[in-house]
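Trainee: The structure under discussion is supplied below as structure tokens; questions concerning it will follow.
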Amino acid sequence: MDVVIQFFEENLLLIYLLVFTIILGFEVISKVPTVLHTPLMSGANAVSGIVVIGAILLIRHANSDDYLTLGLGALGLMLGMVNVVGGYAVTDRMLAMFKKKKKK
């Protein structure tokens, strides 16, 4: 428990920044019109790809006995990949709407 308290004390500014960006992101996304959600999700795939790369680097450089870092890296990797795959599927479906259908 002391390790967790020490982590929070050392990274308090970064934790505040994370909470602020979550609130700001929610406010920005909630103001986007419904028509623009799919293109916005398509653009967010690049950010999710960066999250996946960061999670892989975090896991790679973590000590084998640092379970907190390994767990957060694995969680970031899983959530990032879910977002990338889901965004790709939605983008593919959106682009399929613009393709001309073949006549029989």
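To be explicit about the labels: the chains of the structure tokens are called A, B, and onward in the order shown, and within each one the residues are counted from 1, while ligands get numbers from 1 in the order they are shown.
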List the neighbours of region 71-83 of chain A out to 10 Å using only C-alpha atoms; skip same-chain residues closer than 4 positions along the sequence, and give me the result as a PyMOL selection string.

Mentor: chain A and resi 41+44-45+47-60+62+66-67+87-89

Trainee: For the residues in that selection, give me C-alpha atoms as a PDB file, in the first residue's frame.

Mentor:
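The resulting file, part01.pdb, is shown below:
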```
ATOM      1  CA  MET A  41     -13.508   7.873 -34.725  1.00  0.00           C
ATOM      2  CA  ALA A  44      -8.782   8.598 -33.492  1.00  0.00           C
ATOM      3  CA  ASN A  45      -7.388   5.273 -34.737  1.00  0.00           C
ATOM      4  CA  VAL A  47      -4.028   7.985 -31.500  1.00  0.00           C
ATOM      5  CA  SER A  48      -5.030   4.474 -30.454  1.00  0.00           C
ATOM      6  CA  GLY A  49      -2.172   3.085 -32.517  1.00  0.00           C
ATOM      7  CA  ILE A  50       0.219   5.306 -30.578  1.00  0.00           C
ATOM      8  CA  VAL A  51      -1.307   4.043 -27.312  1.00  0.00           C
ATOM      9  CA  VAL A  52      -0.675   0.453 -28.450  1.00  0.00           C
ATOM     10  CA  ILE A  53       2.958   1.230 -29.281  1.00  0.00           C
ATOM     11  CA  GLY A  54       3.395   3.001 -25.914  1.00  0.00           C
ATOM     12  CA  ALA A  55       1.890   0.030 -24.079  1.00  0.00           C
ATOM     13  CA  ILE A  56       4.225  -2.376 -25.872  1.00  0.00           C
ATOM     14  CA  LEU A  57       7.218  -0.208 -24.943  1.00  0.00           C
ATOM     15  CA  LEU A  58       6.017   0.004 -21.338  1.00  0.00           C
ATOM     16  CA  ILE A  59       5.698  -3.764 -21.072  1.00  0.00           C
ATOM     17  CA  ARG A  60       9.059  -4.271 -22.768  1.00  0.00           C
ATOM     18  CA  ALA A  62       9.208  -3.031 -17.173  1.00  0.00           C
ATOM     19  CA  ASP A  66       6.804  -4.829 -11.332  1.00  0.00           C
ATOM     20  CA  TYR A  67       3.240  -6.114 -11.584  1.00  0.00           C
ATOM     21  CA  GLY A  87     -12.510   1.993 -35.372  1.00  0.00           C
ATOM     22  CA  TYR A  88     -11.280   0.078 -38.391  1.00  0.00           C
ATOM     23  CA  ALA A  89     -14.570  -1.841 -38.626  1.00  0.00           C
TER      24      ALA A  89
END
```

Trainee: Figure out the distance between CA of Leu40 (chain A) and CA of Val85 (chain A), please, to one decimal in Å.

Mentor: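 Interatomic distance here is 14.9 Å.
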
Trainee: What is the distance between CA of Leu24 (chain A) and CA of Val84 (chain A), in Å to one decimal?

Mentor: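 Computing the Euclidean distance for CA of Leu24 (chain A) and CA of Val84 (chain A) yields 21.7 Å.
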
Trainee: Between CA of Val32 (chain A) and CA of Asp92 (chain A), what is the spacing in Å?

Mentor: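 These atoms are spaced 21.0 Å apart.
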